[in-house]
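Participant: Below is one structure. I have some questions about it.
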Amino acid sequence: MFDRHFGVWPKGLPHSLTPPATTLSENLTVAARRFPDKVAIHYYGTRISWTELDRATDRLAGWLSAVAGVGKGDRVILFMQNSPQFVIGYYAILRANAVVVPVNTMSKIEELRHIVADTDAAAAVVGQEMLDVVAPLVGETPLKHVVVGCYGDYVREATDLELPEAVAAPRRPVDGPGMVAWEAVMASDHPVPPLTVGLDDWCVLPFSSGTTGRPKGCLHTHRTVGFTMYGNLVWSPSGPESVSLVSLPLFHVTGMQNSMNMLVYQGATMVMMTRWNRRTAAALIARHQVSHWRCITTMCVDLLSDPEAGSFDLSSLVAVSGGGAQMPAAVADRLHALTGIEYLEGYGLTETIAPTHINPVGRSKRQCGGIPFFDTDARVVDPETLAELGPEAVGEIVVSGPQVFLGYWNRPDDTAAVFFERDGKRFFRTGDLGYYDDEGYFFLVDRLKRMINASGFKVWPAEVEAMMYEHPGIQEVCVIATPDPRRGETVKAVVVPRNGASPTAEDIQSWCRERMAAYKVPAVIEFSGSLPKSPTGKVQWRVLQDQENQARAATS
């Protein structure tokens with residue numbers, strides 16, 4: 001058991017958890033009984049109570065069971081942006097004893113076709129803006145029943161906030177085989193099926209990003225999901241009176257756990273954004289006295305890059321945290337200067353339904369994944385031999401713990417490839433490279449498949465990016481590999497300049513030479529107005545890498 005980190009373990013916290021034995025759907029029932037009239041969701045000026053949320057969930061669960069024939073263990077597609085309907089859809093699927101299949105909202109027809117076929121899903125709950133993607137699959141795949149929601153139906157009060165296009169759009173007519181409008185389901189009155197699932201039954205099946213082939217479903221139970229959801233509350237306590245800004249996509253595990261499931265368990269208040277908008281986010285924080293914000297680096301970068309950031313009233317915030325990518329020191333400094341808050345970083349994956357590591361409150365380290373979470377055994381091994389490595393040695397991070405998924409859906413070979421046994425435990429190979437220091441803090445270096453090999457020297461793009469964020473003229477940067485006739489590969493940086501700045505490639509390279517080894521300095525600098533991002537806000541380095549590879553192949 002890795003226990004080096006116990007020396008910095010937060011005072012008063014147990015090393016092991018005893019999570020509640022309730023399933024996720026029971027958590028919503030309890031919240032509605034405890035706080036019936038309390039605001040569950042603020043949605044662009046409209047207040048939605050826990051009672052309303054609970055009743056709508058019952059209506060949809062009854063319809064899914066009675067009309068769509070959804071039963072225990074059946075997979076149901078949830079294809080929506082952040083909205084009250086997403087929360088209702090998620091918990092209604094669970095209340096029908098089924099399994100939530102949350103789908104990335106940027107998915108196209110063939111991507112959705114793969115997920116529907118892979119999961120054998122016969123029912124889906126979708127936003128109306130997704131109809132062009134969903135409709136062609138009805139009848140051609142196992143999909144037979146589709147509930148269609150209009151987000152704007154839940155904006156019932158006049159608002160001065162800028163509404164995203166999908167929220168401002170009027171309700172579209174719903175017709176065609178298998179299609180039913182949300183309002184028709186809400187007007188129905190079918191009995192809610194009795195709860196027959198327990199902690200070890202299937203709960204949610206999020207799909208991996210698919211960077212090494214078609215996306216794979218990661219099978220989680222109510223127990224694995226409940227563990228990290230509850231653990232986050234114990235690690236960084238908050239209560240039912242807390243107010244959280246919901247800006248991370250809820251289909252992604254970090255948003256799902258920290259911006260929805262955790263708040264439902266508490267009976268806390270969600271201030272929900274359907275799409276990220278930095279000015280709207282700032283207004284919502286001030287208007288609703290938001291206390292907690294779970295975000296990712298790119299959101300912080302965008303908010304703090306606003307020329308008027310200093311005028312934002314962020315005084316109600318007591319905690320800002322996240323993961324997904326390392327927080328550059330320069331951005332963390334700006335956040336601290338503006339709010340007095342230290343950004344708390346953590347580390348986890350879809351396969352672990354959020355954290356395996358998190359920084360101790362009050363003793364965090366910058367650009368660090370943190371220390372192993374409750375009941376989690378984390379180690380660093382040689383990727384080739386699986387031999388364990390000591391402090392400061394870079395290798396693959398492997399983890400064993402209650403939050404680790406059962407395996408990849410319908411992928412026994414892929415599942416076998418990412419697990420191995422040691423000391424009587426089942427360890428999951430994360431595919432992430434990193435190391436730990438003498439105190440047991442884990443530092444992420446990069447993805448195993450992202451390393452740049454420049455004349456035999458290993459270059460970790462994330463490390464170079466973190467340093468380049470300190471350049472006063474750089475707002476965002478992504479580092480990729482580009483072919484080099486002498487070195488094999490060399491470093492290329494795609495740079496988004498800060499507003500009002502006009503750095504040249506030579507300026508940036510000169511600046512880099514003073515701060516990093518020569519082999520790490522980008523040999524090629526390309527300027528861009530923006531970087532491609534996933535719906536979760538992560539910079540899609542692989543998109544840029546593929547574009548670079550294709551461009552080089554075309555000219556060779």
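By convention in this document, the chains of the structure tokens carry letters A, B, ... by their order, each chain's residues are numbered from 1, and ligands are numbered from 1 in the order they are shown.
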Could you name the residues that touch Leu199 (chain A) at 7 Å or less, counting only C-alpha atoms, but leaving out those on the same chain fewer than 5 positions away, as a list in words?
Facilitator: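 Returned residues: Ala21, Thr23, Thr221, His222 and Arg223 of chain A.
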Participant: Which residues in region 172-367 of chain A does DSSP call strand (DSSP E)? List them as JSON, numbers by chain.
Facilitator: {"A": [179, 180, 181, 202, 203, 204, 218, 219, 220, 221, 243, 244, 245, 246, 269, 270, 271, 272, 292, 293, 294, 295, 296, 319, 320, 321, 322, 323, 344, 345, 346, 347, 348, 349, 354, 355, 356, 357, 358]}
Participant: Write out, as a short mmCIF file (atom, residue, chain, number, x, y, z; two decimals), in the first residue's frame, the residues just selected, with N, CA and C atoms.
Facilitator:
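Dumped everything to result-v1.cif:
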data_model
loop_
_atom_site.label_atom_id
_atom_site.label_comp_id
_atom_site.auth_asym_id
_atom_site.auth_seq_id
_atom_site.Cartn_x
_atom_site.Cartn_y
_atom_site.Cartn_z
N MET A 179 -40.98 9.70 -31.69
CA MET A 179 -40.68 10.99 -31.06
C MET A 179 -41.84 11.44 -30.15
N VAL A 180 -41.50 11.95 -28.98
CA VAL A 180 -42.50 12.51 -28.08
C VAL A 180 -41.94 13.76 -27.43
N ALA A 181 -42.77 14.79 -27.32
CA ALA A 181 -42.34 16.06 -26.75
C ALA A 181 -42.26 15.96 -25.23
N TRP A 202 -25.58 -1.64 -12.10
CA TRP A 202 -25.08 -0.65 -13.05
C TRP A 202 -25.80 0.68 -12.86
N CYS A 203 -25.05 1.76 -13.09
CA CYS A 203 -25.58 3.10 -12.85
C CYS A 203 -25.40 4.01 -14.06
N VAL A 204 -24.16 4.17 -14.48
CA VAL A 204 -23.87 5.10 -15.57
C VAL A 204 -22.79 4.52 -16.46
N CYS A 218 -17.43 3.09 -20.21
CA CYS A 218 -16.81 2.76 -18.91
C CYS A 218 -17.92 2.45 -17.92
N LEU A 219 -18.04 1.20 -17.53
CA LEU A 219 -19.18 0.75 -16.74
C LEU A 219 -18.98 1.02 -15.25
N HIS A 220 -19.90 1.83 -14.69
CA HIS A 220 -19.86 2.17 -13.27
C HIS A 220 -21.14 1.74 -12.58
N THR A 221 -21.01 1.47 -11.29
CA THR A 221 -22.15 1.10 -10.46
C THR A 221 -22.52 2.26 -9.53
N VAL A 243 -23.77 27.22 -2.66
CA VAL A 243 -24.31 27.56 -3.99
C VAL A 243 -23.19 27.36 -5.00
N SER A 244 -23.42 26.52 -5.98
CA SER A 244 -22.37 26.16 -6.94
C SER A 244 -22.71 26.63 -8.35
N LEU A 245 -21.72 27.20 -9.01
CA LEU A 245 -21.87 27.55 -10.42
C LEU A 245 -21.63 26.29 -11.24
N VAL A 246 -22.61 25.92 -12.05
CA VAL A 246 -22.53 24.72 -12.88
C VAL A 246 -22.15 25.15 -14.29
N THR A 269 -27.67 24.20 -3.91
CA THR A 269 -28.25 24.93 -5.04
C THR A 269 -27.30 24.98 -6.21
N MET A 270 -27.84 24.68 -7.40
CA MET A 270 -27.09 24.74 -8.65
C MET A 270 -27.46 26.02 -9.40
N VAL A 271 -26.45 26.79 -9.78
CA VAL A 271 -26.65 27.95 -10.65
C VAL A 271 -26.14 27.50 -12.01
N MET A 272 -27.07 27.19 -12.90
CA MET A 272 -26.73 26.41 -14.09
C MET A 272 -26.54 27.26 -15.34
N HIS A 292 -19.09 28.11 -4.50
CA HIS A 292 -18.20 27.09 -5.02
C HIS A 292 -18.27 27.06 -6.55
N TRP A 293 -17.11 26.93 -7.15
CA TRP A 293 -17.05 26.84 -8.61
C TRP A 293 -16.08 25.73 -8.99
N ARG A 294 -16.62 24.69 -9.58
CA ARG A 294 -15.78 23.61 -10.13
C ARG A 294 -15.61 23.90 -11.62
N CYS A 295 -14.38 24.05 -12.04
CA CYS A 295 -14.13 24.46 -13.42
C CYS A 295 -12.89 23.75 -13.94
N ILE A 296 -12.47 24.16 -15.10
CA ILE A 296 -11.23 23.66 -15.67
C ILE A 296 -10.37 24.85 -16.07
N ALA A 319 -14.28 28.62 -2.73
CA ALA A 319 -13.49 27.50 -3.26
C ALA A 319 -13.62 27.47 -4.78
N VAL A 320 -12.48 27.36 -5.45
CA VAL A 320 -12.43 27.16 -6.89
C VAL A 320 -11.50 25.97 -7.13
N SER A 321 -11.99 24.98 -7.83
CA SER A 321 -11.20 23.76 -7.99
C SER A 321 -11.51 23.11 -9.32
N GLY A 322 -10.67 22.13 -9.68
CA GLY A 322 -10.92 21.43 -10.93
C GLY A 322 -9.79 20.50 -11.28
N GLY A 323 -9.80 20.09 -12.54
CA GLY A 323 -8.79 19.17 -13.05
C GLY A 323 -8.87 19.16 -14.56
N LEU A 344 -7.59 24.61 -6.34
CA LEU A 344 -7.30 23.27 -5.83
C LEU A 344 -7.40 22.26 -6.97
N GLU A 345 -6.28 21.64 -7.29
CA GLU A 345 -6.24 20.71 -8.42
C GLU A 345 -6.43 19.27 -7.97
N GLY A 346 -7.01 18.49 -8.83
CA GLY A 346 -7.17 17.06 -8.61
C GLY A 346 -6.90 16.31 -9.89
N TYR A 347 -6.99 15.00 -9.81
CA TYR A 347 -6.72 14.16 -10.98
C TYR A 347 -7.64 12.95 -10.96
N GLY A 348 -8.20 12.64 -12.11
CA GLY A 348 -9.05 11.46 -12.24
C GLY A 348 -9.37 11.23 -13.70
N LEU A 349 -10.11 10.17 -13.98
CA LEU A 349 -10.43 9.80 -15.35
C LEU A 349 -11.89 9.35 -15.45
N ALA A 354 -14.12 10.42 -11.74
CA ALA A 354 -13.51 11.59 -11.09
C ALA A 354 -12.36 11.15 -10.19
N PRO A 355 -12.10 11.78 -9.03
CA PRO A 355 -10.73 11.76 -8.51
C PRO A 355 -10.18 10.42 -8.04
N THR A 356 -8.92 10.24 -8.35
CA THR A 356 -8.08 9.24 -7.68
C THR A 356 -7.06 9.97 -6.81
N HIS A 357 -6.84 11.26 -7.13
CA HIS A 357 -5.90 12.10 -6.38
C HIS A 357 -6.53 13.48 -6.22
N ILE A 358 -6.15 14.16 -5.14
CA ILE A 358 -6.61 15.53 -4.93
C ILE A 358 -5.65 16.21 -3.96
#
Participant: For a quick check of understanding, using only C-alpha atoms, which of A:Ser247, A:Ser16, A:Thr490, A:Ser242 has the smallest distance to Thr376 (chain A)?
Facilitator: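 Ranking A:Ser247, A:Ser16, A:Thr490, A:Ser242 by distance to Thr376 (chain A), first place goes to A:Ser16.
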Participant: Need to verify the contact set: Arg515 (chain A), 12 Å, only C-alpha atoms, exclusion of same-chain residues closer than 4 positions in sequence. Can you return it as a PyMOL selection string?
Facilitator: chain A and resi 463-464+466-468+470-471+508-511+519-521
Participant: Now that the selection is made, can you save its residues with N, CA and C atoms as a compact mmCIF listing (two decimals), in the first residue's frame?
Facilitator:
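Contents of the output file result.txt:
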# COMPACT_ATOMS: atom_id res chain seq x y z
N GLU A 463 4.41 20.23 -19.97
CA GLU A 463 5.43 20.98 -19.23
C GLU A 463 5.79 22.26 -19.97
N VAL A 464 5.98 22.16 -21.29
CA VAL A 464 6.33 23.33 -22.09
C VAL A 464 5.18 24.34 -22.08
N ALA A 466 2.93 24.79 -19.74
CA ALA A 466 2.83 25.43 -18.43
C ALA A 466 3.81 26.59 -18.31
N MET A 467 5.01 26.40 -18.84
CA MET A 467 6.00 27.48 -18.79
C MET A 467 5.61 28.62 -19.72
N MET A 468 5.09 28.29 -20.90
CA MET A 468 4.77 29.34 -21.87
C MET A 468 3.59 30.21 -21.43
N GLU A 470 3.34 31.65 -18.81
CA GLU A 470 3.88 32.78 -18.05
C GLU A 470 4.28 33.95 -18.96
N HIS A 471 4.33 33.71 -20.27
CA HIS A 471 4.67 34.78 -21.21
C HIS A 471 3.55 35.83 -21.20
N ILE A 508 8.94 35.04 -28.79
CA ILE A 508 8.57 33.91 -27.93
C ILE A 508 9.70 32.91 -27.82
N GLN A 509 10.36 32.62 -28.92
CA GLN A 509 11.46 31.66 -28.88
C GLN A 509 12.61 32.17 -28.02
N SER A 510 12.91 33.44 -28.14
CA SER A 510 13.97 34.03 -27.32
C SER A 510 13.60 33.94 -25.84
N TRP A 511 12.36 34.24 -25.53
CA TRP A 511 11.86 34.16 -24.15
C TRP A 511 11.97 32.73 -23.63
N TYR A 519 16.26 21.83 -26.26
CA TYR A 519 15.48 20.85 -27.03
C TYR A 519 13.97 21.00 -26.78
N LYS A 520 13.59 21.74 -25.73
CA LYS A 520 12.17 21.97 -25.44
C LYS A 520 11.62 23.23 -26.12
N VAL A 521 12.50 24.12 -26.55
CA VAL A 521 12.07 25.39 -27.14
C VAL A 521 11.36 25.12 -28.47
Participant: Do you know which residues are at most 9 Å from region 110-119 of chain A counting only C-alpha atoms, after dropping those on the same chain fewer than 6 positions away, and could you put them as a PyMOL selection string?
Facilitator: chain A and resi 74-77+101+103+133-134+137+141-143+205+207+214-217+409-410
Participant: Take the selection from the previous step and output its residues with C-alpha atoms, as a PDB file, in the first residue's frame.
Facilitator:
ATOM      1  CA  ASP A  74     -31.390  -1.187 -19.753  1.00  0.00           C
ATOM      2  CA  ARG A  75     -29.238   1.534 -21.235  1.00  0.00           C
ATOM      3  CA  VAL A  76     -30.862   4.908 -22.025  1.00  0.00           C
ATOM      4  CA  ILE A  77     -29.148   7.660 -24.026  1.00  0.00           C
ATOM      5  CA  VAL A 101     -25.509   6.715 -21.142  1.00  0.00           C
ATOM      6  CA  VAL A 103     -23.329  11.457 -24.697  1.00  0.00           C
ATOM      7  CA  VAL A 133     -28.379  13.830 -35.227  1.00  0.00           C
ATOM      8  CA  VAL A 134     -30.864  11.551 -33.495  1.00  0.00           C
ATOM      9  CA  LEU A 137     -31.138   6.604 -36.148  1.00  0.00           C
ATOM     10  CA  THR A 141     -30.691   1.154 -34.860  1.00  0.00           C
ATOM     11  CA  PRO A 142     -32.132  -0.265 -31.634  1.00  0.00           C
ATOM     12  CA  LEU A 143     -33.405   3.261 -30.856  1.00  0.00           C
ATOM     13  CA  LEU A 205     -21.965   4.257 -18.751  1.00  0.00           C
ATOM     14  CA  PHE A 207     -17.840   6.862 -22.975  1.00  0.00           C
ATOM     15  CA  ARG A 214     -13.741   4.276 -31.192  1.00  0.00           C
ATOM     16  CA  PRO A 215     -14.967   5.510 -27.805  1.00  0.00           C
ATOM     17  CA  LYS A 216     -15.363   2.818 -25.160  1.00  0.00           C
ATOM     18  CA  GLY A 217     -18.075   2.731 -22.512  1.00  0.00           C
ATOM     19  CA  TRP A 409     -18.566  -2.248 -22.039  1.00  0.00           C
ATOM     20  CA  ASN A 410     -18.462  -5.139 -24.536  1.00  0.00           C
TER      21      ASN A 410
END
Participant: Taking 6 positions as the minimum chain separation for residues in the same chain, which residues sit within 7 Å of Leu433 (chain A) when counting only C-alpha atoms? Answer as an mmCIF file with N, CA and C atoms, in the first residue's frame.
Facilitator:
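Output saved as result05.cif:
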data_model
loop_
_atom_site.group_PDB
_atom_site.id
_atom_site.type_symbol
_atom_site.label_atom_id
_atom_site.label_comp_id
_atom_site.auth_asym_id
_atom_site.auth_seq_id
_atom_site.Cartn_x
_atom_site.Cartn_y
_atom_site.Cartn_z
ATOM 1 N N VAL A 394 9.838 9.068 -13.601
ATOM 2 C CA VAL A 394 8.650 9.181 -14.450
ATOM 3 C C VAL A 394 8.253 7.808 -14.978
ATOM 4 N N GLY A 395 6.997 7.481 -14.798
ATOM 5 C CA GLY A 395 6.452 6.226 -15.297
ATOM 6 C C GLY A 395 4.948 6.349 -15.438
ATOM 7 N N GLU A 396 4.271 5.220 -15.623
ATOM 8 C CA GLU A 396 2.821 5.230 -15.782
ATOM 9 C C GLU A 396 2.149 5.158 -14.410
ATOM 10 N N ILE A 397 1.165 6.017 -14.205
ATOM 11 C CA ILE A 397 0.408 6.006 -12.952
ATOM 12 C C ILE A 397 -0.629 4.882 -13.006
ATOM 13 N N LEU A 444 1.529 15.083 -12.810
ATOM 14 C CA LEU A 444 1.273 14.585 -14.158
ATOM 15 C C LEU A 444 2.291 15.157 -15.125
ATOM 16 N N VAL A 445 2.857 14.298 -15.943
ATOM 17 C CA VAL A 445 3.805 14.745 -16.962
ATOM 18 C C VAL A 445 3.098 14.881 -18.298
ATOM 19 N N ASP A 446 2.399 13.856 -18.715
ATOM 20 C CA ASP A 446 1.643 13.909 -19.963
ATOM 21 C C ASP A 446 1.002 12.558 -20.221
ATOM 22 N N ARG A 447 0.228 12.501 -21.306
ATOM 23 C CA ARG A 447 -0.291 11.221 -21.749
ATOM 24 C C ARG A 447 0.849 10.382 -22.312
ATOM 25 N N LEU A 448 0.779 9.087 -22.103
ATOM 26 C CA LEU A 448 1.812 8.175 -22.574
ATOM 27 C C LEU A 448 2.031 8.312 -24.077
#
Participant: What does the distance from CA of Ala31 (chain A) to CA of Pro10 (chain A) come to in Å, to one decimal?
Facilitator: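 Result for CA of Ala31 (chain A) versus CA of Pro10 (chain A): 28.7 Å, one decimal.
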Participant: With a distance cut-off of 10 Å and only C-alpha atoms, select the neighbouring residues of Ala98 (chain A), excluding the residue or stretch itself and same-chain residues fewer than 5 positions from it, and output the selection as a PyMOL selection string.
Facilitator: chain A and resi 61+64-65+70-76+90-93+196-197+201-204
Participant: What parts of region 413-498 of chain A does DSSP call helix (DSSP H, G or I)? I'd like the answer as a list in words.
Facilitator: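 The residues of region 413-498 of chain A classed as helix (DSSP H, G or I) are Asp413, Asp414, Thr415, Ala416, Ala417, Pro461, Ala462, Glu463, Val464, Glu465, Ala466, Met467 and Met468 of chain A.
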Participant: Using C-alpha atoms, can you export the residues from the last selection as a JSON list (two decimals), in the first residue's frame?
Facilitator:
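The result, stored in again.json:
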[["chain", "number", "residue", "atom", "x", "y", "z"],
["A", 413, "ASP", "CA", -9.79, -7.63, -24.47],
["A", 414, "ASP", "CA", -9.48, -3.88, -23.86],
["A", 415, "THR", "CA", -10.48, -4.42, -20.24],
["A", 416, "ALA", "CA", -7.87, -7.15, -19.75],
["A", 417, "ALA", "CA", -5.21, -4.89, -21.27],
["A", 461, "PRO", "CA", 4.08, 19.11, -24.13],
["A", 462, "ALA", "CA", 2.20, 19.87, -20.91],
["A", 463, "GLU", "CA", 5.43, 20.98, -19.23],
["A", 464, "VAL", "CA", 6.33, 23.33, -22.09],
["A", 465, "GLU", "CA", 2.79, 24.72, -22.16],
["A", 466, "ALA", "CA", 2.83, 25.43, -18.43],
["A", 467, "MET", "CA", 6.00, 27.48, -18.79],
["A", 468, "MET", "CA", 4.77, 29.34, -21.87]]
Participant: So, counting only C-alpha atoms, which residue among A:Gly176, A:Gly198, A:Gly310, A:Gly440 is closest to Phe373 (chain A)?
Facilitator: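 Closest to Phe373 (chain A), using only C-alpha atoms: A:Gly440.
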Participant: Need to verify the contact set: Val146 (chain A), 12 Å, only C-alpha atoms, exclusion of same-chain residues closer than 6 positions in sequence. Can you return it as a JSON list (two decimals) with N, CA and C atoms, in the first residue's frame?
Facilitator:
[["chain", "number", "residue", "atom", "x", "y", "z"],
["A", 60, "LEU", "N", -41.14, 11.45, -15.79],
["A", 60, "LEU", "CA", -40.33, 10.87, -16.86],
["A", 60, "LEU", "C", -39.99, 9.42, -16.58],
["A", 63, "TRP", "N", -42.98, 7.30, -17.42],
["A", 63, "TRP", "CA", -43.17, 7.18, -18.87],
["A", 63, "TRP", "C", -42.13, 6.21, -19.47],
["A", 64, "LEU", "N", -40.89, 6.34, -19.06],
["A", 64, "LEU", "CA", -39.85, 5.45, -19.57],
["A", 64, "LEU", "C", -40.19, 3.99, -19.29],
["A", 67, "VAL", "N", -44.19, 3.26, -21.09],
["A", 67, "VAL", "CA", -44.35, 3.46, -22.54],
["A", 67, "VAL", "C", -43.13, 2.93, -23.31],
["A", 68, "ALA", "N", -41.92, 3.28, -22.86],
["A", 68, "ALA", "CA", -40.72, 2.86, -23.57],
["A", 68, "ALA", "C", -40.25, 1.47, -23.15],
["A", 76, "VAL", "N", -30.08, 3.82, -21.45],
["A", 76, "VAL", "CA", -30.86, 4.91, -22.03],
["A", 76, "VAL", "C", -29.92, 6.07, -22.34],
["A", 77, "ILE", "N", -29.99, 6.55, -23.57],
["A", 77, "ILE", "CA", -29.15, 7.66, -24.03],
["A", 77, "ILE", "C", -29.63, 8.97, -23.41],
["A", 78, "LEU", "N", -28.69, 9.76, -22.90],
["A", 78, "LEU", "CA", -28.98, 11.12, -22.44],
["A", 78, "LEU", "C", -28.10, 12.07, -23.24],
["A", 79, "PHE", "N", -28.72, 12.81, -24.16],
["A", 79, "PHE", "CA", -28.00, 13.60, -25.16],
["A", 79, "PHE", "C", -28.47, 15.04, -25.05],
["A", 89, "GLY", "N", -33.66, 14.15, -16.57],
["A", 89, "GLY", "CA", -33.45, 12.96, -17.39],
["A", 89, "GLY", "C", -32.51, 11.97, -16.73],
["A", 121, "ALA", "N", -29.29, 0.61, -26.87],
["A", 121, "ALA", "CA", -30.24, 1.51, -26.23],
["A", 121, "ALA", "C", -31.48, 1.69, -27.09],
["A", 122, "ALA", "N", -32.64, 1.45, -26.48],
["A", 122, "ALA", "CA", -33.91, 1.58, -27.21],
["A", 122, "ALA", "C", -34.59, 2.92, -26.94],
["A", 123, "ALA", "N", -34.10, 3.67, -25.95],
["A", 123, "ALA", "CA", -34.72, 4.94, -25.59],
["A", 123, "ALA", "C", -33.65, 6.01, -25.41],
["A", 124, "ALA", "N", -34.08, 7.26, -25.63],
["A", 124, "ALA", "CA", -33.16, 8.40, -25.48],
["A", 124, "ALA", "C", -33.93, 9.61, -24.99],
["A", 125, "VAL", "N", -33.25, 10.45, -24.22],
["A", 125, "VAL", "CA", -33.76, 11.75, -23.80],
["A", 125, "VAL", "C", -32.81, 12.79, -24.37],
["A", 126, "VAL", "N", -33.33, 13.68, -25.23],
["A", 126, "VAL", "CA", -32.44, 14.55, -25.99],
["A", 126, "VAL", "C", -32.95, 15.99, -26.00],
["A", 127, "GLY", "N", -32.02, 16.92, -26.24],
["A", 127, "GLY", "CA", -32.37, 18.31, -26.48],
["A", 127, "GLY", "C", -32.83, 18.48, -27.92],
["A", 128, "GLN", "N", -33.72, 19.42, -28.17],
["A", 128, "GLN", "CA", -34.27, 19.56, -29.51],
["A", 128, "GLN", "C", -33.23, 19.93, -30.56],
["A", 130, "MET", "N", -30.55, 18.55, -30.90],
["A", 130, "MET", "CA", -29.87, 17.31, -31.28],
["A", 130, "MET", "C", -30.70, 16.46, -32.26],
["A", 131, "LEU", "N", -31.90, 16.93, -32.62],
["A", 131, "LEU", "CA", -32.81, 16.11, -33.42],
["A", 131, "LEU", "C", -32.22, 15.69, -34.76],
["A", 133, "VAL", "N", -29.32, 14.92, -35.45],
["A", 133, "VAL", "CA", -28.38, 13.83, -35.23],
["A", 133, "VAL", "C", -29.11, 12.56, -34.84],
["A", 134, "VAL", "N", -30.17, 12.72, -34.06],
["A", 134, "VAL", "CA", -30.86, 11.55, -33.49],
["A", 134, "VAL", "C", -31.88, 10.94, -34.45],
["A", 135, "ALA", "N", -32.68, 11.79, -35.12],
["A", 135, "ALA", "CA", -33.80, 11.30, -35.91],
["A", 135, "ALA", "C", -33.43, 10.23, -36.93],
["A", 136, "PRO", "N", -32.33, 10.37, -37.67],
["A", 136, "PRO", "CA", -32.01, 9.33, -38.67],
["A", 136, "PRO", "C", -31.73, 7.95, -38.07],
["A", 137, "LEU", "N", -31.48, 7.88, -36.77],
["A", 137, "LEU", "CA", -31.14, 6.60, -36.15],
["A", 137, "LEU", "C", -32.36, 5.83, -35.67],
["A", 138, "VAL", "N", -33.51, 6.50, -35.56],
["A", 138, "VAL", "CA", -34.71, 5.83, -35.08],
["A", 138, "VAL", "C", -35.18, 4.84, -36.15],
["A", 139, "GLY", "N", -35.24, 3.59, -35.77],
["A", 139, "GLY", "CA", -35.65, 2.55, -36.71],
["A", 139, "GLY", "C", -34.49, 1.88, -37.40],
["A", 174, "VAL", "N", -42.49, 18.49, -32.63],
["A", 174, "VAL", "CA", -41.92, 17.14, -32.49],
["A", 174, "VAL", "C", -42.86, 16.16, -33.18],
["A", 175, "ASP", "N", -42.36, 15.56, -34.25],
["A", 175, "ASP", "CA", -43.17, 14.55, -34.94],
["A", 175, "ASP", "C", -42.24, 13.47, -35.48],
["A", 176, "GLY", "N", -42.82, 12.49, -36.07],
["A", 176, "GLY", "CA", -42.03, 11.39, -36.58],
["A", 176, "GLY", "C", -42.14, 10.17, -35.68],
["A", 177, "PRO", "N", -41.83, 9.01, -36.20],
["A", 177, "PRO", "CA", -41.96, 7.78, -35.43],
["A", 177, "PRO", "C", -41.06, 7.78, -34.20],
["A", 178, "GLY", "N", -41.65, 7.41, -33.08],
["A", 178, "GLY", "CA", -40.88, 7.27, -31.85],
["A", 178, "GLY", "C", -40.63, 8.55, -31.10],
["A", 179, "MET", "N", -40.98, 9.70, -31.69],
["A", 179, "MET", "CA", -40.68, 10.99, -31.06],
["A", 179, "MET", "C", -41.84, 11.44, -30.15],
["A", 180, "VAL", "N", -41.50, 11.95, -28.98],
["A", 180, "VAL", "CA", -42.50, 12.51, -28.08],
["A", 180, "VAL", "C", -41.94, 13.76, -27.43],
["A", 181, "ALA", "N", -42.77, 14.79, -27.32],
["A", 181, "ALA", "CA", -42.34, 16.06, -26.75],
["A", 181, "ALA", "C", -42.26, 15.96, -25.23],
["A", 182, "TRP", "N", -41.32, 16.69, -24.66],
["A", 182, "TRP", "CA", -41.13, 16.72, -23.21],
["A", 182, "TRP", "C", -42.42, 17.07, -22.48],
["A", 185, "VAL", "N", -44.80, 14.23, -22.08],
["A", 185, "VAL", "CA", -44.39, 13.30, -21.02],
["A", 185, "VAL", "C", -44.72, 13.88, -19.65]]
Participant: One decimal, Å: what's the distance from CA of Leu28 (chain A) over to CA of Met299 (chain A), could you say?
Facilitator: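 CA of Met299 (chain A) lies 28.8 Å from CA of Leu28 (chain A).
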Participant: Find the nearest atom pair between each residue of region 29-112 of chain A and region 530-552 of chain A for residues within 8 Å, count only C-alpha atoms, give distances in Å to one decimal, sort rows by chain and ascending number, and present the table as a Markdown table.
Facilitator:
| residue | atom | partner | partner_atom | distance |
| --- | --- | --- | --- | --- |
| A:Asn104 | CA | A:Pro535 | CA | 7.3 |
| A:Thr105 | CA | A:Pro535 | CA | 7.0 |
| A:Met106 | CA | A:Pro535 | CA | 6.8 |
Participant: Please determine, counting only C-alpha atoms, which residue among A:Val147, A:Val398, A:Val496, A:Met273 has the shortest atom-to-atom distance to Glu183 (chain A).
Facilitator: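 Ranked by minimum distance to Glu183 (chain A), first place goes to A:Val147.
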Participant: What's the separation between CA of Lys425 (chain A) and CA of Tyr441 (chain A), in Å to one decimal place?
Facilitator: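 Interatomic distance, CA of Lys425 (chain A) to CA of Tyr441 (chain A): 21.5 Å.
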Participant: Point out the residue among A:Ala517, A:Val494, A:Cys150, A:Ala378 with the least atom-to-atom distance to His5 (chain A), counting only C-alpha atoms.
Facilitator: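 Closest to His5 (chain A) of all the choices is A:Ala378.
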Participant: Using only C-alpha atoms, find the one residue out of A:Asp377, A:Ser208, A:Tyr343, A:Gly226 that sits nearest to His15 (chain A).
Facilitator: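 Once distances to His15 (chain A) are computed over only C-alpha atoms, the minimum belongs to A:Asp377.
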